[in-house]
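Text of the file structure-v6.txt, holding compact mmCIF, N, CA and C atoms:
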```txt
# COMPACT_ATOMS: atom_id res chain seq x y z
N MET A 1 98.79 114.00 125.50
CA MET A 1 98.16 112.98 126.30
C MET A 1 97.41 112.03 125.38
N SER A 2 97.56 110.75 125.59
CA SER A 2 96.85 109.76 124.79
C SER A 2 95.50 109.47 125.41
N ILE A 3 94.50 109.38 124.57
CA ILE A 3 93.17 109.00 125.01
C ILE A 3 92.89 107.63 124.42
N LEU A 4 92.49 106.71 125.26
CA LEU A 4 92.15 105.37 124.78
C LEU A 4 90.69 105.36 124.40
N GLN A 5 90.40 105.05 123.16
CA GLN A 5 89.03 105.01 122.70
C GLN A 5 88.84 103.82 121.78
N SER A 6 87.61 103.42 121.64
CA SER A 6 87.29 102.33 120.74
C SER A 6 85.97 102.61 120.06
N ASN A 7 85.88 102.26 118.83
CA ASN A 7 84.62 102.38 118.09
C ASN A 7 83.94 101.03 117.96
N HIS A 8 84.41 100.04 118.74
CA HIS A 8 83.87 98.69 118.62
C HIS A 8 82.52 98.51 119.30
N ASP A 9 82.10 99.43 120.15
CA ASP A 9 80.84 99.27 120.87
C ASP A 9 79.71 99.81 120.00
N THR A 10 78.94 98.92 119.41
CA THR A 10 77.86 99.35 118.54
C THR A 10 76.52 99.35 119.27
N ARG A 11 76.49 98.85 120.49
CA ARG A 11 75.25 98.86 121.25
C ARG A 11 75.03 100.25 121.82
N GLN A 12 74.00 100.91 121.38
CA GLN A 12 73.69 102.24 121.89
C GLN A 12 72.21 102.30 122.21
N ALA A 13 71.90 103.08 123.22
CA ALA A 13 70.49 103.27 123.57
C ALA A 13 69.83 104.16 122.52
N THR A 14 68.58 103.86 122.23
CA THR A 14 67.83 104.75 121.36
C THR A 14 67.40 105.95 122.19
N PRO A 15 67.17 107.07 121.55
CA PRO A 15 66.77 108.25 122.31
C PRO A 15 65.59 107.95 123.22
N GLY A 16 65.72 108.38 124.49
CA GLY A 16 64.65 108.14 125.46
C GLY A 16 64.80 106.82 126.22
N GLN A 17 65.75 105.97 125.82
CA GLN A 17 65.97 104.72 126.52
C GLN A 17 67.28 104.77 127.28
N ALA A 18 67.36 103.95 128.31
CA ALA A 18 68.57 103.90 129.12
C ALA A 18 69.68 103.18 128.36
N GLU A 19 70.91 103.52 128.72
CA GLU A 19 72.08 102.81 128.18
C GLU A 19 71.98 101.35 128.60
N PRO A 20 72.52 100.44 127.79
CA PRO A 20 72.56 99.04 128.22
C PRO A 20 73.35 98.92 129.52
N ALA A 21 72.91 98.04 130.39
CA ALA A 21 73.62 97.85 131.67
C ALA A 21 75.02 97.34 131.42
N ILE A 22 75.94 97.78 132.24
CA ILE A 22 77.31 97.31 132.14
C ILE A 22 77.46 96.17 133.14
N THR A 23 77.86 95.02 132.64
CA THR A 23 78.06 93.84 133.49
C THR A 23 79.37 93.19 133.11
N ARG A 24 79.88 92.35 133.99
CA ARG A 24 81.14 91.65 133.69
C ARG A 24 81.00 90.75 132.48
N ALA A 25 79.82 90.21 132.26
CA ALA A 25 79.62 89.28 131.14
C ALA A 25 79.50 89.99 129.80
N THR A 26 79.08 91.25 129.81
CA THR A 26 78.80 91.93 128.54
C THR A 26 79.60 93.21 128.33
N VAL A 27 80.52 93.53 129.23
CA VAL A 27 81.24 94.79 129.14
C VAL A 27 82.00 94.90 127.83
N THR A 28 82.03 96.11 127.30
CA THR A 28 82.75 96.38 126.05
C THR A 28 83.80 97.47 126.30
N VAL A 29 84.76 97.55 125.40
CA VAL A 29 85.76 98.60 125.47
C VAL A 29 85.08 99.96 125.40
N GLY A 30 84.10 100.09 124.52
CA GLY A 30 83.38 101.36 124.38
C GLY A 30 82.74 101.81 125.67
N GLN A 31 82.13 100.88 126.41
CA GLN A 31 81.53 101.25 127.69
C GLN A 31 82.60 101.72 128.68
N ILE A 32 83.68 100.96 128.77
CA ILE A 32 84.74 101.31 129.73
C ILE A 32 85.34 102.67 129.41
N MET A 33 85.54 102.96 128.14
CA MET A 33 86.21 104.19 127.76
C MET A 33 85.27 105.41 127.72
N ASN A 34 83.97 105.18 127.54
CA ASN A 34 83.07 106.31 127.29
C ASN A 34 82.09 106.63 128.41
N LEU A 35 81.71 105.64 129.21
CA LEU A 35 80.76 105.91 130.29
C LEU A 35 81.48 106.62 131.43
N PRO A 36 80.74 107.33 132.28
CA PRO A 36 81.38 107.92 133.45
C PRO A 36 82.10 106.83 134.26
N LEU A 37 83.29 107.14 134.74
CA LEU A 37 84.11 106.14 135.41
C LEU A 37 83.40 105.52 136.60
N ASP A 38 82.69 106.32 137.39
CA ASP A 38 81.96 105.77 138.54
C ASP A 38 80.94 104.72 138.10
N GLN A 39 80.28 104.96 136.98
CA GLN A 39 79.30 104.00 136.46
C GLN A 39 79.98 102.69 136.06
N VAL A 40 81.14 102.79 135.44
CA VAL A 40 81.90 101.60 135.04
C VAL A 40 82.31 100.81 136.28
N LEU A 41 82.90 101.49 137.24
CA LEU A 41 83.41 100.81 138.43
C LEU A 41 82.27 100.18 139.24
N ASN A 42 81.19 100.91 139.42
CA ASN A 42 80.05 100.36 140.16
C ASN A 42 79.43 99.18 139.43
N GLY A 43 79.26 99.31 138.13
CA GLY A 43 78.64 98.25 137.34
C GLY A 43 79.45 96.97 137.33
N LEU A 44 80.78 97.11 137.40
CA LEU A 44 81.66 95.94 137.35
C LEU A 44 82.14 95.50 138.74
N GLY A 45 81.71 96.23 139.77
CA GLY A 45 82.09 95.88 141.12
C GLY A 45 83.58 96.03 141.39
N ILE A 46 84.17 97.09 140.86
CA ILE A 46 85.61 97.32 141.02
C ILE A 46 85.83 98.42 142.05
N GLN A 47 86.77 98.18 142.94
CA GLN A 47 87.15 99.17 143.93
C GLN A 47 88.49 99.78 143.52
N VAL A 48 88.59 101.10 143.61
CA VAL A 48 89.85 101.79 143.32
C VAL A 48 90.38 102.37 144.63
N ILE A 49 91.64 102.06 144.92
CA ILE A 49 92.28 102.53 146.13
C ILE A 49 93.57 103.25 145.76
N GLU A 50 93.78 104.42 146.36
CA GLU A 50 95.06 105.10 146.17
C GLU A 50 96.07 104.41 147.08
N SER A 51 97.11 103.86 146.49
CA SER A 51 98.11 103.13 147.26
C SER A 51 99.08 104.10 147.92
N SER A 52 99.93 103.55 148.76
CA SER A 52 100.96 104.38 149.39
C SER A 52 102.30 104.23 148.66
N ILE A 53 102.29 103.56 147.51
CA ILE A 53 103.51 103.36 146.73
C ILE A 53 103.88 104.68 146.05
N THR A 54 105.02 105.21 146.41
CA THR A 54 105.43 106.52 145.87
C THR A 54 106.53 106.41 144.83
N ASP A 55 106.87 105.20 144.43
CA ASP A 55 107.87 104.99 143.38
C ASP A 55 107.41 105.70 142.11
N ALA A 56 108.25 106.53 141.55
CA ALA A 56 107.88 107.31 140.36
C ALA A 56 107.54 106.43 139.16
N ASN A 57 108.02 105.19 139.14
CA ASN A 57 107.74 104.29 138.03
C ASN A 57 106.45 103.50 138.21
N PHE A 58 105.81 103.61 139.36
CA PHE A 58 104.56 102.89 139.62
C PHE A 58 103.38 103.80 139.35
N PHE A 59 102.52 103.38 138.45
CA PHE A 59 101.32 104.16 138.15
C PHE A 59 100.07 103.48 138.65
N GLY A 60 100.11 102.15 138.78
CA GLY A 60 98.94 101.45 139.27
C GLY A 60 99.06 99.96 139.05
N GLY A 61 98.11 99.25 139.61
CA GLY A 61 98.09 97.80 139.47
C GLY A 61 96.70 97.26 139.77
N VAL A 62 96.52 95.99 139.45
CA VAL A 62 95.24 95.33 139.67
C VAL A 62 95.46 94.11 140.55
N HIS A 63 94.58 93.95 141.51
CA HIS A 63 94.58 92.74 142.33
C HIS A 63 93.23 92.06 142.13
N ILE A 64 93.29 90.79 141.74
CA ILE A 64 92.06 90.01 141.59
C ILE A 64 92.08 88.99 142.72
N GLY A 65 91.18 89.16 143.66
CA GLY A 65 91.16 88.32 144.85
C GLY A 65 90.22 87.13 144.71
N ASN A 66 90.08 86.44 145.83
CA ASN A 66 89.17 85.30 145.87
C ASN A 66 87.77 85.74 145.49
N GLY A 67 87.09 84.91 144.76
CA GLY A 67 85.74 85.23 144.33
C GLY A 67 85.68 86.26 143.23
N GLY A 68 86.84 86.63 142.66
CA GLY A 68 86.86 87.57 141.55
C GLY A 68 86.78 89.03 141.94
N LYS A 69 86.93 89.35 143.23
CA LYS A 69 86.90 90.75 143.66
C LYS A 69 88.09 91.48 143.03
N ILE A 70 87.79 92.59 142.35
CA ILE A 70 88.83 93.35 141.63
C ILE A 70 89.09 94.66 142.36
N THR A 71 90.37 94.89 142.65
CA THR A 71 90.80 96.14 143.25
C THR A 71 91.89 96.73 142.37
N ILE A 72 91.73 97.99 142.01
CA ILE A 72 92.75 98.69 141.24
C ILE A 72 93.45 99.66 142.18
N LEU A 73 94.77 99.55 142.21
CA LEU A 73 95.59 100.43 143.04
C LEU A 73 96.17 101.52 142.15
N THR A 74 96.08 102.75 142.61
CA THR A 74 96.66 103.87 141.87
C THR A 74 97.75 104.51 142.71
N SER A 75 98.65 105.21 142.07
CA SER A 75 99.72 105.89 142.81
C SER A 75 99.24 107.26 143.25
N PRO A 76 99.70 107.71 144.41
CA PRO A 76 99.24 109.00 144.92
C PRO A 76 99.84 110.18 144.16
N GLY A 77 99.08 111.26 144.10
CA GLY A 77 99.60 112.50 143.56
C GLY A 77 99.66 112.62 142.05
N ARG A 78 99.10 111.67 141.33
CA ARG A 78 99.13 111.76 139.86
C ARG A 78 98.03 112.69 139.36
N ASP A 79 98.23 113.22 138.18
CA ASP A 79 97.21 114.02 137.51
C ASP A 79 95.94 113.16 137.39
N PRO A 80 94.78 113.69 137.77
CA PRO A 80 93.54 112.91 137.71
C PRO A 80 93.23 112.35 136.32
N ARG A 81 93.65 113.05 135.26
CA ARG A 81 93.40 112.55 133.90
C ARG A 81 94.23 111.30 133.62
N ILE A 82 95.46 111.28 134.14
CA ILE A 82 96.32 110.10 133.97
C ILE A 82 95.74 108.93 134.75
N THR A 83 95.30 109.20 135.98
CA THR A 83 94.70 108.15 136.80
C THR A 83 93.44 107.60 136.15
N ASP A 84 92.59 108.48 135.62
CA ASP A 84 91.36 108.05 134.95
C ASP A 84 91.69 107.14 133.77
N THR A 85 92.63 107.57 132.94
CA THR A 85 93.01 106.78 131.77
C THR A 85 93.58 105.43 132.18
N LEU A 86 94.43 105.44 133.20
CA LEU A 86 95.04 104.19 133.66
C LEU A 86 93.99 103.24 134.23
N VAL A 87 93.07 103.73 135.02
CA VAL A 87 92.02 102.88 135.60
C VAL A 87 91.18 102.27 134.48
N ARG A 88 90.84 103.04 133.48
CA ARG A 88 90.05 102.51 132.36
C ARG A 88 90.84 101.45 131.59
N TYR A 89 92.12 101.73 131.36
CA TYR A 89 92.98 100.78 130.64
C TYR A 89 93.10 99.48 131.43
N LEU A 90 93.41 99.58 132.71
CA LEU A 90 93.56 98.37 133.53
C LEU A 90 92.25 97.59 133.64
N THR A 91 91.15 98.30 133.67
CA THR A 91 89.85 97.62 133.69
C THR A 91 89.65 96.82 132.41
N ALA A 92 89.92 97.42 131.27
CA ALA A 92 89.77 96.71 129.99
C ALA A 92 90.70 95.51 129.92
N LYS A 93 91.96 95.68 130.34
CA LYS A 93 92.91 94.57 130.32
C LYS A 93 92.48 93.45 131.28
N THR A 94 91.91 93.81 132.42
CA THR A 94 91.47 92.82 133.39
C THR A 94 90.40 91.90 132.79
N PHE A 95 89.57 92.45 131.92
CA PHE A 95 88.53 91.66 131.28
C PHE A 95 88.96 91.12 129.91
N ASN A 96 90.27 91.16 129.66
CA ASN A 96 90.84 90.64 128.41
C ASN A 96 90.21 91.24 127.16
N LEU A 97 89.90 92.52 127.23
CA LEU A 97 89.34 93.21 126.07
C LEU A 97 90.48 93.73 125.20
N ASP A 98 90.18 93.93 123.94
CA ASP A 98 91.19 94.32 122.95
C ASP A 98 91.40 95.83 123.00
N VAL A 99 92.44 96.25 123.73
CA VAL A 99 92.83 97.66 123.76
C VAL A 99 94.30 97.75 123.38
N ALA A 100 94.63 98.86 122.76
CA ALA A 100 96.02 99.08 122.35
C ALA A 100 96.91 99.21 123.59
N ASP A 101 98.16 98.82 123.43
CA ASP A 101 99.12 98.99 124.52
C ASP A 101 99.31 100.48 124.80
N LEU A 102 99.65 100.77 126.04
CA LEU A 102 99.94 102.15 126.39
C LEU A 102 101.25 102.58 125.72
N PRO A 103 101.37 103.86 125.42
CA PRO A 103 102.61 104.35 124.79
C PRO A 103 103.76 104.36 125.79
N ALA A 104 104.98 104.42 125.27
CA ALA A 104 106.17 104.55 126.13
C ALA A 104 106.01 105.83 126.94
N PRO A 105 106.42 105.88 128.14
CA PRO A 105 107.26 104.95 128.87
C PRO A 105 106.48 103.91 129.67
N PHE A 106 105.18 103.82 129.45
CA PHE A 106 104.37 102.89 130.23
C PHE A 106 104.61 101.46 129.79
N GLY A 107 104.60 100.58 130.72
CA GLY A 107 104.72 99.16 130.45
C GLY A 107 103.81 98.41 131.40
N VAL A 108 103.28 97.32 130.94
CA VAL A 108 102.40 96.51 131.78
C VAL A 108 103.10 95.19 132.05
N GLU A 109 103.15 94.85 133.30
CA GLU A 109 103.76 93.59 133.73
C GLU A 109 102.69 92.74 134.39
N TYR A 110 102.60 91.48 133.99
CA TYR A 110 101.64 90.55 134.56
C TYR A 110 102.38 89.62 135.50
N THR A 111 101.92 89.57 136.75
CA THR A 111 102.57 88.73 137.74
C THR A 111 101.51 87.96 138.51
N ASP A 112 101.65 86.66 138.55
CA ASP A 112 100.78 85.84 139.38
C ASP A 112 101.55 85.55 140.66
N ILE A 113 101.10 86.16 141.75
CA ILE A 113 101.83 86.00 143.01
C ILE A 113 101.24 84.90 143.88
N THR A 114 100.37 84.07 143.31
CA THR A 114 99.73 83.02 144.09
C THR A 114 100.76 82.11 144.74
N GLU A 115 101.74 81.66 143.97
CA GLU A 115 102.74 80.74 144.53
C GLU A 115 103.59 81.44 145.58
N GLN A 116 103.95 82.69 145.35
CA GLN A 116 104.74 83.43 146.33
C GLN A 116 103.96 83.59 147.64
N ALA A 117 102.68 83.90 147.53
CA ALA A 117 101.85 84.05 148.73
C ALA A 117 101.71 82.72 149.46
N ARG A 118 101.51 81.65 148.71
CA ARG A 118 101.38 80.31 149.32
C ARG A 118 102.67 79.94 150.05
N ASN A 119 103.82 80.19 149.44
CA ASN A 119 105.10 79.88 150.07
C ASN A 119 105.32 80.70 151.34
N ALA A 120 104.94 81.97 151.31
CA ALA A 120 105.08 82.83 152.48
C ALA A 120 104.18 82.32 153.60
N TRP A 121 102.97 81.87 153.26
CA TRP A 121 102.04 81.36 154.26
C TRP A 121 102.59 80.07 154.88
N VAL A 122 103.09 79.16 154.05
CA VAL A 122 103.67 77.90 154.55
C VAL A 122 104.84 78.19 155.48
N LYS A 123 105.68 79.13 155.08
CA LYS A 123 106.83 79.49 155.91
C LYS A 123 106.38 80.08 157.25
N ALA A 124 105.34 80.91 157.22
CA ALA A 124 104.85 81.56 158.43
C ALA A 124 104.24 80.54 159.41
N VAL A 125 103.48 79.59 158.88
CA VAL A 125 102.83 78.61 159.78
C VAL A 125 103.79 77.52 160.21
N SER A 126 104.89 77.36 159.50
CA SER A 126 105.88 76.35 159.84
C SER A 126 106.84 76.85 160.93
N ALA A 127 106.92 78.14 161.10
CA ALA A 127 107.88 78.72 162.03
C ALA A 127 107.49 78.51 163.49
```
Represent the structure of the file as structure tokens.
Amino acid sequence: MSILQSNHDTRQATPGQAEPAITRATVTVGQIMNLPLDQVLNGLGIQVIESSITDANFFGGVHIGNGGKITILTSPGRDPRITDTLVRYLTAKTFNLDVADLPAPFGVEYTDITEQARNAWVKAVSA
């Protein structure tokens, strides 16, 4: 199993002090990979939903909605360690942070469906 880690986060709390807050403006790869996942998701305002997509080739995806609301979709029934790693990876990629690509057989596809959604809406209201 591959673990995604980074040594790029040099901001650390001194003993007795709280960890630096995780925010969208200051998030680091180190925070995403090392802090408890709930803390990362809450701090960045990310919702994780288990999707109903059962395709064996689908592991997860990210939806960035209006106003920047981020939702990560995961596939049902996966090993929790794989889901955790994938959520952390997708979170880092969503914020354009420098993380290594996932190993084979994983692949990341970027799709902007804005035009497709707009066309579907136009077709629906024109009917």
Using only C-alpha atoms, pick whichever of A:Ile70, A:Arg88, A:Asn119, A:Pro103 has the shortest atom-to-atom distance to Asp38 in chain A.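 Closest to Asp38 in chain A of all the choices is A:Arg88.
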Determine which residues of chain A receive a DSSP assignment of helix (DSSP H, G or I), computed from the backbone, and state them as a PyMOL selection string. chain A and resi 29-34+37-44+66-68+80-94+114-126
Please measure the separation of CA of Gly43 in chain A and atom N of Gln31 in chain A, giving the value in Å to one decimal.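 Computed distance, CA of Gly43 in chain A to atom N of Gln31 in chain A, equals 11.8 Å.
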Which one is closest to Gln47 in chain A: A:Leu86, A:Val62, A:Ala92, A:Val29? Count only C-alpha atoms.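 Distance minimum relative to Gln47 in chain A lands on A:Val62.
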From the options A:Leu37, A:Leu97, A:Ile72, A:Val27, which residue's atoms come nearest to Ile49 in chain A, counting all atoms listed in the file?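 Counting all atoms listed in the file, the residue closest to Ile49 in chain A is A:Ile72.
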I want to know what sits within 7 Å of Ile46 in chain A, based on only N, CA and C atoms, with residues of the same chain fewer than 4 positions away left out; could you give that as a list in words? Val40, Leu41, Asn42, Lys69, Ile70, Thr71 and Ile72 of chain A
What gap, in Å, lies between CA of Arg78 in chain A and atom N of Leu102 in chain A?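 The value is 17.7 Å.
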Length of the CA of Ser51 in chain A to atom N of Thr74 in chain A vector [Å]: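 Straight-line distance from CA of Ser51 in chain A to atom N of Thr74 in chain A works out to 5.1 Å.
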Would you kindly return, as number ranges by chain, each protein, DNA or RNA residue with an atom no farther than 6.5 Å from any atom of Ser75 in chain A, considering only N, CA and C atoms and excluding same-chain residues fewer than 5 positions away? A: 50-54, 58-61
Repaired coordinates for range 83-94 of chain A (all heavy atoms) as a PDB file, in the coordinates of the input:
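Contents of rebuild.pdb, as written:
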```pdb
ATOM      1  N   THR A  83      95.300 109.200 135.980  1.00  0.00           N
ATOM      2  CA  THR A  83      94.700 108.150 136.800  1.00  0.00           C
ATOM      3  C   THR A  83      93.440 107.600 136.150  1.00  0.00           C
ATOM      4  O   THR A  83      93.241 106.387 136.073  1.00  0.00           O
ATOM      5  CB  THR A  83      94.398 108.675 138.217  1.00  0.00           C
ATOM      6  OG1 THR A  83      95.633 109.089 138.822  1.00  0.00           O
ATOM      7  CG2 THR A  83      93.747 107.618 139.076  1.00  0.00           C
ATOM      8  N   ASP A  84      92.590 108.480 135.620  1.00  0.00           N
ATOM      9  CA  ASP A  84      91.360 108.050 134.950  1.00  0.00           C
ATOM     10  C   ASP A  84      91.690 107.140 133.770  1.00  0.00           C
ATOM     11  O   ASP A  84      91.099 106.067 133.613  1.00  0.00           O
ATOM     12  CB  ASP A  84      90.576 109.280 134.476  1.00  0.00           C
ATOM     13  CG  ASP A  84      89.288 108.915 133.771  1.00  0.00           C
ATOM     14  OD1 ASP A  84      89.336 108.609 132.550  1.00  0.00           O
ATOM     15  OD2 ASP A  84      88.228 108.924 134.423  1.00  0.00           O
ATOM     16  N   THR A  85      92.630 107.570 132.940  1.00  0.00           N
ATOM     17  CA  THR A  85      93.010 106.780 131.770  1.00  0.00           C
ATOM     18  C   THR A  85      93.580 105.430 132.180  1.00  0.00           C
ATOM     19  O   THR A  85      93.235 104.391 131.609  1.00  0.00           O
ATOM     20  CB  THR A  85      94.041 107.549 130.906  1.00  0.00           C
ATOM     21  OG1 THR A  85      93.449 108.779 130.490  1.00  0.00           O
ATOM     22  CG2 THR A  85      94.464 106.747 129.693  1.00  0.00           C
ATOM     23  N   LEU A  86      94.430 105.440 133.200  1.00  0.00           N
ATOM     24  CA  LEU A  86      95.040 104.190 133.660  1.00  0.00           C
ATOM     25  C   LEU A  86      93.990 103.240 134.230  1.00  0.00           C
ATOM     26  O   LEU A  86      94.017 102.037 133.931  1.00  0.00           O
ATOM     27  CB  LEU A  86      96.111 104.473 134.714  1.00  0.00           C
ATOM     28  CG  LEU A  86      96.811 103.218 135.198  1.00  0.00           C
ATOM     29  CD1 LEU A  86      97.736 102.679 134.119  1.00  0.00           C
ATOM     30  CD2 LEU A  86      97.565 103.482 136.473  1.00  0.00           C
ATOM     31  N   VAL A  87      93.070 103.730 135.020  1.00  0.00           N
ATOM     32  CA  VAL A  87      92.020 102.880 135.600  1.00  0.00           C
ATOM     33  C   VAL A  87      91.180 102.270 134.480  1.00  0.00           C
ATOM     34  O   VAL A  87      90.867 101.074 134.510  1.00  0.00           O
ATOM     35  CB  VAL A  87      91.162 103.669 136.606  1.00  0.00           C
ATOM     36  CG1 VAL A  87      89.904 102.901 136.983  1.00  0.00           C
ATOM     37  CG2 VAL A  87      91.974 104.001 137.850  1.00  0.00           C
ATOM     38  N   ARG A  88      90.840 103.040 133.480  1.00  0.00           N
ATOM     39  CA  ARG A  88      90.050 102.510 132.360  1.00  0.00           C
ATOM     40  C   ARG A  88      90.840 101.450 131.590  1.00  0.00           C
ATOM     41  O   ARG A  88      90.315 100.403 131.223  1.00  0.00           O
ATOM     42  CB  ARG A  88      89.627 103.651 131.433  1.00  0.00           C
ATOM     43  CG  ARG A  88      88.597 104.581 132.060  1.00  0.00           C
ATOM     44  CD  ARG A  88      88.291 105.764 131.147  1.00  0.00           C
ATOM     45  NE  ARG A  88      87.493 106.763 131.804  1.00  0.00           N
ATOM     46  CZ  ARG A  88      86.166 106.748 131.889  1.00  0.00           C
ATOM     47  NH1 ARG A  88      85.483 105.759 131.341  1.00  0.00           N
ATOM     48  NH2 ARG A  88      85.523 107.712 132.502  1.00  0.00           N
ATOM     49  N   TYR A  89      92.120 101.730 131.360  1.00  0.00           N
ATOM     50  CA  TYR A  89      92.980 100.780 130.640  1.00  0.00           C
ATOM     51  C   TYR A  89      93.100  99.480 131.430  1.00  0.00           C
ATOM     52  O   TYR A  89      92.936  98.385 130.868  1.00  0.00           O
ATOM     53  CB  TYR A  89      94.356 101.409 130.409  1.00  0.00           C
ATOM     54  CG  TYR A  89      95.341 100.463 129.788  1.00  0.00           C
ATOM     55  CD1 TYR A  89      95.333 100.225 128.420  1.00  0.00           C
ATOM     56  CD2 TYR A  89      96.275  99.790 130.571  1.00  0.00           C
ATOM     57  CE1 TYR A  89      96.246  99.350 127.840  1.00  0.00           C
ATOM     58  CE2 TYR A  89      97.188  98.913 130.001  1.00  0.00           C
ATOM     59  CZ  TYR A  89      97.155  98.693 128.641  1.00  0.00           C
ATOM     60  OH  TYR A  89      98.054  97.819 128.078  1.00  0.00           O
ATOM     61  N   LEU A  90      93.410  99.580 132.710  1.00  0.00           N
ATOM     62  CA  LEU A  90      93.560  98.370 133.530  1.00  0.00           C
ATOM     63  C   LEU A  90      92.250  97.590 133.640  1.00  0.00           C
ATOM     64  O   LEU A  90      92.262  96.364 133.664  1.00  0.00           O
ATOM     65  CB  LEU A  90      94.098  98.732 134.922  1.00  0.00           C
ATOM     66  CG  LEU A  90      95.545  99.237 134.962  1.00  0.00           C
ATOM     67  CD1 LEU A  90      95.901  99.702 136.366  1.00  0.00           C
ATOM     68  CD2 LEU A  90      96.512  98.165 134.468  1.00  0.00           C
ATOM     69  N   THR A  91      91.150  98.300 133.670  1.00  0.00           N
ATOM     70  CA  THR A  91      89.850  97.620 133.690  1.00  0.00           C
ATOM     71  C   THR A  91      89.650  96.820 132.410  1.00  0.00           C
ATOM     72  O   THR A  91      89.279  95.645 132.458  1.00  0.00           O
ATOM     73  CB  THR A  91      88.705  98.651 133.872  1.00  0.00           C
ATOM     74  OG1 THR A  91      88.888  99.325 135.120  1.00  0.00           O
ATOM     75  CG2 THR A  91      87.349  97.978 133.841  1.00  0.00           C
ATOM     76  N   ALA A  92      89.920  97.420 131.270  1.00  0.00           N
ATOM     77  CA  ALA A  92      89.770  96.710 129.990  1.00  0.00           C
ATOM     78  C   ALA A  92      90.700  95.510 129.920  1.00  0.00           C
ATOM     79  O   ALA A  92      90.303  94.420 129.497  1.00  0.00           O
ATOM     80  CB  ALA A  92      90.025  97.660 128.822  1.00  0.00           C
ATOM     81  N   LYS A  93      91.960  95.680 130.340  1.00  0.00           N
ATOM     82  CA  LYS A  93      92.910  94.570 130.320  1.00  0.00           C
ATOM     83  C   LYS A  93      92.480  93.450 131.280  1.00  0.00           C
ATOM     84  O   LYS A  93      92.664  92.276 130.973  1.00  0.00           O
ATOM     85  CB  LYS A  93      94.318  95.062 130.703  1.00  0.00           C
ATOM     86  CG  LYS A  93      95.011  95.826 129.605  1.00  0.00           C
ATOM     87  CD  LYS A  93      95.167  94.962 128.378  1.00  0.00           C
ATOM     88  CE  LYS A  93      96.432  95.196 127.645  1.00  0.00           C
ATOM     89  NZ  LYS A  93      96.546  94.383 126.432  1.00  0.00           N
ATOM     90  N   THR A  94      91.910  93.810 132.420  1.00  0.00           N
ATOM     91  CA  THR A  94      91.470  92.820 133.390  1.00  0.00           C
ATOM     92  C   THR A  94      90.400  91.900 132.790  1.00  0.00           C
ATOM     93  O   THR A  94      90.361  90.712 133.084  1.00  0.00           O
ATOM     94  CB  THR A  94      90.914  93.519 134.655  1.00  0.00           C
ATOM     95  OG1 THR A  94      91.981  94.270 135.239  1.00  0.00           O
ATOM     96  CG2 THR A  94      90.385  92.530 135.662  1.00  0.00           C
TER      97      THR A  94
END
```
